[in-house]
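Beneath this line is the structure, given in structure tokens, with notes to follow.
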Amino acid sequence: MKILYLTDQIYLHGGAEKILIQKLNHWVEKFGYEVTLVTTQQKGKNPFFRLNPAVKMIDLGIDYTEGVSYFKYANFSKFRTHYKKLKAVINDINPDATFVISQSLLRFITPFAAGKHKIYYEYHTSYYGFQLGYEKLPALKKLKKQISYKVIEAIESKYTNVVFLNQAEYDHYKRKNAVIIPNFFDEIIHPVHCEKKKQVITLGRLSYQKGYDLLIDAWGLIAKEAPDWTLEIFGNGENRSKLEQQIGTKNLGHTIHLNEATDEVNLKLSESAFYVMSSRFETFPMVLLEAMSNKLPVVSFDCPTGPSSMLTINEDGLLAAPGDIRELADKMLEMINNEPLRQIMGDKAARNVTRFNPEMVMKKWDVLIKRK
């Protein structure tokens with residue numbers, strides 16, 4: 001079998017990038033398939049996560065301008081070049097299945113460049129995030145968005161299947177060619193065993209979506225009640241300076257540490273007491289699977305379409321109402337003050353996460369691409 005994946009880049013540290021690379025590795029290592037990854041703007045950088053050298057990489061060097069709409073001239077003018085290069089690669093490889101993970105023009109180009117080949121579009125974003133942005137738009141821009149949604153729906157109808165990560169996304173989009181396949185966790189080959197520290201951990205991009213401003217406010221409500229505990233935030237992103245200022249203004253610098261993104265995720269998780277997620281919206285946060293597989297219980301906002309589809313509430317995690325800072329603080333304090341609860345929930349987390357193991361999930365992908 002020949003498998004082709006199309007995406008923008010894999011040099012950034014993100015959940016979509018990580019699960020993509022995990023799938024590439026799995027196709028090669030477990031199925032023995034011939035796998036090629038084609039990027040549009042890798043910019044000569046190395047993958048952030050380990051990529052099996054058997055995966056062939058091709059960068060088309062389209063280099064779309066970041067921060068500008070893909071339908072602005074600066075980007076749209078590159079459409080023809082992108083189409084020609086992509087079509088040539090597809091014709092050369094002649095893949096049995098082609099997957100697209102991108103919200104760029106790649107999403108629109110592929111159905112036409114692929115011809116009669118099987119193609120699959122993967123959603124790794126939450127409809128709720130788009131909805132929040134849509135509600136802030138003026139009337140004319142809302143109309144343009146509505147038109148673009150219709151165009152996207154028409155384009156996606158040309159894919160063999162559109163793959164969603166959970167039932168909520170599936171129900172929202174109502175695509176006739178939709179299927180549900182969740183992400184899987186990265187199996188820990190060599191578990192890290194170290195002494196637990198009095199620290200709460202969270203990992204993710206320092207962005208509006210991840211809600212770290214809300215988390216800092218919540219921690220401020222309990223910091224004096226847990227003076228020997230720290231909140232460890234790992235990540236990079238556009239909101240770093242704002243978050244640093246917020247921490248300084250609240251005089252929480254001694255108890256909240258804003259760390260750079262780490263490639264030692266399992267180590268950092270294993271030495272922590274529990275995981276906290278403060279996101280405003282999610283789709284299928286990979287980091288929850290990582291936390292659970294490291295026997296960490298979770299405290300999280302019950303944000304739309306994310307944690308509730310992955311956690312078993314009051315068994316391996318505690319949920320607070322979306323955006324409710326006081327309740328998030330109370331749930332964290334409950335976990336901080338109850339070590340037996342953390343132990344019980346951590347053990348159950350490690351058991352419950354096995355329903356998202358790589359073999360089970362990747363078998364679903366294999367069955368999908370072999371359908372007649």
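Chain labels A, B, ... are given in the sequence in which chains occur in the structure tokens; within each chain residues are numbered consecutively from 1, and ligands are likewise numbered from 1 in the order shown.
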Sorted by chain and rising residue number, which residues of range 271-306 of chain A lie within 9 Å of range 202-205 of chain A, and what are their closest atom pairs and distances in Å to one decimal, counting only C-alpha atoms, as a Markdown table?
| residue | atom | partner | partner_atom | distance |
| --- | --- | --- | --- | --- |
| A:Phe274 | CA | A:Thr202 | CA | 8.9 |
| A:Tyr275 | CA | A:Thr202 | CA | 5.9 |
| A:Val276 | CA | A:Thr202 | CA | 5.6 |
| A:Met277 | CA | A:Thr202 | CA | 6.4 |
| A:Ser278 | CA | A:Thr202 | CA | 8.7 |
| A:Val287 | CA | A:Leu203 | CA | 7.2 |
Subject >> Spatial neighbours of Glu34 in chain A, max dist 8 Å, only C-alpha atoms, sep filter under 3 positions, as number ranges by chain >> reply: A: 1-3, 27-28, 55
Original post:
If we count only C-alpha atoms, what is near His124 in chain A at a cut-off of 8 Å, once residues fewer than 3 positions away on the same chain are taken out, given as a PyMOL selection string?
Top reply: chain A and resi 16+101+164-165+283-284
For those residues, write N, CA and C atoms to a file as a compact mmCIF listing (two decimals), in the first residue's frame.
# COMPACT_ATOMS: atom_id res chain seq x y z
N ALA A 16 -1.87 18.52 16.33
CA ALA A 16 -2.10 18.01 14.98
C ALA A 16 -0.81 17.50 14.36
N ILE A 101 -4.37 17.21 5.92
CA ILE A 101 -4.52 17.84 7.23
C ILE A 101 -4.08 19.28 7.06
N PHE A 164 -13.89 13.01 11.33
CA PHE A 164 -14.01 13.82 12.53
C PHE A 164 -13.52 13.03 13.74
N LEU A 165 -13.13 13.76 14.77
CA LEU A 165 -12.52 13.12 15.94
C LEU A 165 -13.53 12.72 17.01
N THR A 283 -10.84 20.20 20.27
CA THR A 283 -11.46 19.18 19.44
C THR A 283 -11.20 17.82 20.04
N PHE A 284 -9.95 17.43 20.10
CA PHE A 284 -9.54 16.17 20.70
C PHE A 284 -8.12 16.38 21.21
Subject >> Residues near range 89-91 of chain A, cut-off 7 Å, only C-alpha atoms, skip fewer than 4 positions along chain, as number ranges by chain >> reply: A: 85, 95, 114
**OP:** Rounded to one decimal place, report the CA of Val192 in chain A-CA of Thr255 in chain A distance in Å.
**Re:**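 Computing the Euclidean distance for CA of Val192 in chain A and CA of Thr255 in chain A yields 24.9 Å.
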Original post:
Could you pull out all residues of range 239-312 of chain A with a DSSP call of alpha helix (DSSP H) and give them as a PyMOL selection string?
Top reply: chain A and resi 240-249+265-270+286-293
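Coordinates place CA of Glu271 in chain A at a distance of 16.6 Å from CA of Val299 in chain A.
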Neighbouring residues of Met310 in chain A were defined as those with any atom within 10 Å, considering only C-alpha atoms; residues of the same chain fewer than 2 positions away were excluded. Please report them as an mmCIF file with N, CA and C atoms, in the first residue's frame.
data_model
loop_
_atom_site.group_PDB
_atom_site.id
_atom_site.type_symbol
_atom_site.label_atom_id
_atom_site.label_comp_id
_atom_site.auth_asym_id
_atom_site.auth_seq_id
_atom_site.Cartn_x
_atom_site.Cartn_y
_atom_site.Cartn_z
ATOM 1 N N ASN A 166 -14.714 13.315 16.983
ATOM 2 C CA ASN A 166 -15.692 12.994 18.018
ATOM 3 C C ASN A 166 -17.117 13.181 17.495
ATOM 4 N N PRO A 182 -11.139 8.600 16.310
ATOM 5 C CA PRO A 182 -10.431 9.448 17.282
ATOM 6 C C PRO A 182 -8.924 9.389 17.084
ATOM 7 N N PHE A 284 -9.955 17.433 20.096
ATOM 8 C CA PHE A 284 -9.540 16.169 20.698
ATOM 9 C C PHE A 284 -8.123 16.376 21.210
ATOM 10 N N PRO A 285 -7.986 17.021 22.359
ATOM 11 C CA PRO A 285 -6.657 17.412 22.852
ATOM 12 C C PRO A 285 -5.754 16.228 23.152
ATOM 13 N N MET A 286 -4.730 16.074 22.305
ATOM 14 C CA MET A 286 -3.806 14.953 22.438
ATOM 15 C C MET A 286 -3.134 14.899 23.803
ATOM 16 N N LEU A 288 -4.268 15.341 26.679
ATOM 17 C CA LEU A 288 -5.021 14.614 27.697
ATOM 18 C C LEU A 288 -4.705 13.119 27.633
ATOM 19 N N LEU A 289 -4.565 12.601 26.423
ATOM 20 C CA LEU A 289 -4.189 11.191 26.286
ATOM 21 C C LEU A 289 -2.800 10.952 26.875
ATOM 22 N N MET A 292 -3.089 11.059 30.724
ATOM 23 C CA MET A 292 -3.741 9.859 31.251
ATOM 24 C C MET A 292 -2.838 8.637 31.144
ATOM 25 N N THR A 305 -16.873 20.052 22.875
ATOM 26 C CA THR A 305 -16.398 18.979 21.992
ATOM 27 C C THR A 305 -15.056 18.370 22.381
ATOM 28 N N GLY A 306 -14.481 18.721 23.519
ATOM 29 C CA GLY A 306 -13.157 18.210 23.840
ATOM 30 C C GLY A 306 -13.105 17.206 24.968
ATOM 31 N N PRO A 307 -12.764 17.661 26.171
ATOM 32 C CA PRO A 307 -12.468 16.751 27.284
ATOM 33 C C PRO A 307 -13.573 15.764 27.639
ATOM 34 N N SER A 308 -14.827 16.157 27.543
ATOM 35 C CA SER A 308 -15.909 15.263 27.970
ATOM 36 C C SER A 308 -16.010 14.021 27.107
ATOM 37 N N THR A 312 -13.633 10.131 31.743
ATOM 38 C CA THR A 312 -14.768 9.553 32.445
ATOM 39 C C THR A 312 -14.927 10.369 33.715
ATOM 40 N N ILE A 313 -15.929 11.224 33.740
ATOM 41 C CA ILE A 313 -16.054 12.245 34.775
ATOM 42 C C ILE A 313 -16.164 11.621 36.166
ATOM 43 N N ASP A 316 -11.679 9.530 36.241
ATOM 44 C CA ASP A 316 -10.288 9.859 35.930
ATOM 45 C C ASP A 316 -10.065 11.353 35.755
ATOM 46 N N GLY A 317 -11.117 12.142 35.994
ATOM 47 C CA GLY A 317 -10.979 13.585 35.868
ATOM 48 C C GLY A 317 -12.147 14.348 36.473
ATOM 49 N N ASN A 352 -8.372 3.612 31.525
ATOM 50 C CA ASN A 352 -9.403 4.106 30.613
ATOM 51 C C ASN A 352 -8.837 4.579 29.276
ATOM 52 N N VAL A 353 -7.608 5.064 29.286
ATOM 53 C CA VAL A 353 -7.028 5.619 28.055
ATOM 54 C C VAL A 353 -6.720 4.532 27.031
ATOM 55 N N ARG A 355 -8.560 2.604 25.553
ATOM 56 C CA ARG A 355 -9.519 2.536 24.439
ATOM 57 C C ARG A 355 -9.084 3.409 23.267
ATOM 58 N N PHE A 356 -8.061 4.234 23.510
ATOM 59 C CA PHE A 356 -7.493 5.058 22.445
ATOM 60 C C PHE A 356 -6.082 4.583 22.083
#
**OP:** Just the strand (DSSP E or B) stuff from range 90-324 of chain A, please, per backbone DSSP, written as a PyMOL selection string.
**Re:** chain A and resi 97-101+119-122+161-164+178-180+199-203+230-234+256-259+274-277+298-301+313+317-320
**OP:** Find, counting only C-alpha atoms, the residue in A:Tyr11, A:Phe31, A:Phe112, A:Phe281 that gets nearest to Lys43 in chain A.
**Re:** A:Tyr11
**OP:** Determine the nearest neighbour of Ile180 in chain A from the options A:Leu368, A:Met57, A:Val38, A:Leu311, counting only C-alpha atoms.
**Re:** A:Leu368
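Between Arg50 in chain A and the candidates A:Asp263, A:Gln246, A:Tyr170, A:Leu4, the tightest atom-to-atom separation, counting only C-alpha atoms, involves A:Asp263.
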Original post:
Could you pull the residues within 8 Å of Asn357 in chain A, counting only C-alpha atoms, minus those fewer than 3 positions along the same chain, as a PyMOL selection string?
Top reply: chain A and resi 184-187+353-354+360-361
Same residues, N, CA and C atoms, saved as a PDB file, in the first residue's frame:
ATOM      1  N   PHE A 184      -5.099   8.722  18.799  1.00  0.00           N
ATOM      2  CA  PHE A 184      -4.606   7.729  19.747  1.00  0.00           C
ATOM      3  C   PHE A 184      -3.448   8.311  20.551  1.00  0.00           C
ATOM      4  N   PHE A 185      -3.159   7.678  21.682  1.00  0.00           N
ATOM      5  CA  PHE A 185      -2.070   8.165  22.520  1.00  0.00           C
ATOM      6  C   PHE A 185      -0.756   7.530  22.106  1.00  0.00           C
ATOM      7  N   ASP A 186       0.316   8.184  22.453  1.00  0.00           N
ATOM      8  CA  ASP A 186       1.658   7.714  22.134  1.00  0.00           C
ATOM      9  C   ASP A 186       2.083   6.724  23.215  1.00  0.00           C
ATOM     10  N   GLU A 187       2.165   5.457  22.854  1.00  0.00           N
ATOM     11  CA  GLU A 187       2.512   4.442  23.844  1.00  0.00           C
ATOM     12  C   GLU A 187       3.883   4.714  24.452  1.00  0.00           C
ATOM     13  N   VAL A 353      -7.608   5.064  29.286  1.00  0.00           N
ATOM     14  CA  VAL A 353      -7.028   5.619  28.055  1.00  0.00           C
ATOM     15  C   VAL A 353      -6.720   4.532  27.031  1.00  0.00           C
ATOM     16  N   THR A 354      -6.711   3.274  27.464  1.00  0.00           N
ATOM     17  CA  THR A 354      -6.356   2.204  26.540  1.00  0.00           C
ATOM     18  C   THR A 354      -7.364   2.053  25.396  1.00  0.00           C
ATOM     19  N   MET A 360      -5.829  -0.154  18.023  1.00  0.00           N
ATOM     20  CA  MET A 360      -7.270  -0.097  17.805  1.00  0.00           C
ATOM     21  C   MET A 360      -7.631   1.017  16.833  1.00  0.00           C
ATOM     22  N   VAL A 361      -7.029   2.189  17.029  1.00  0.00           N
ATOM     23  CA  VAL A 361      -7.367   3.340  16.189  1.00  0.00           C
ATOM     24  C   VAL A 361      -6.841   3.165  14.773  1.00  0.00           C
TER      25      VAL A 361
END
**OP:** Give me the residues within 10 Å of Ile247 in chain A as an NGL selection string, counting only C-alpha atoms and dropping any in the same chain fewer than 5 places off.
**Re:** :A and (213 or 216-217 or 220 or 241-242 or 252-258)
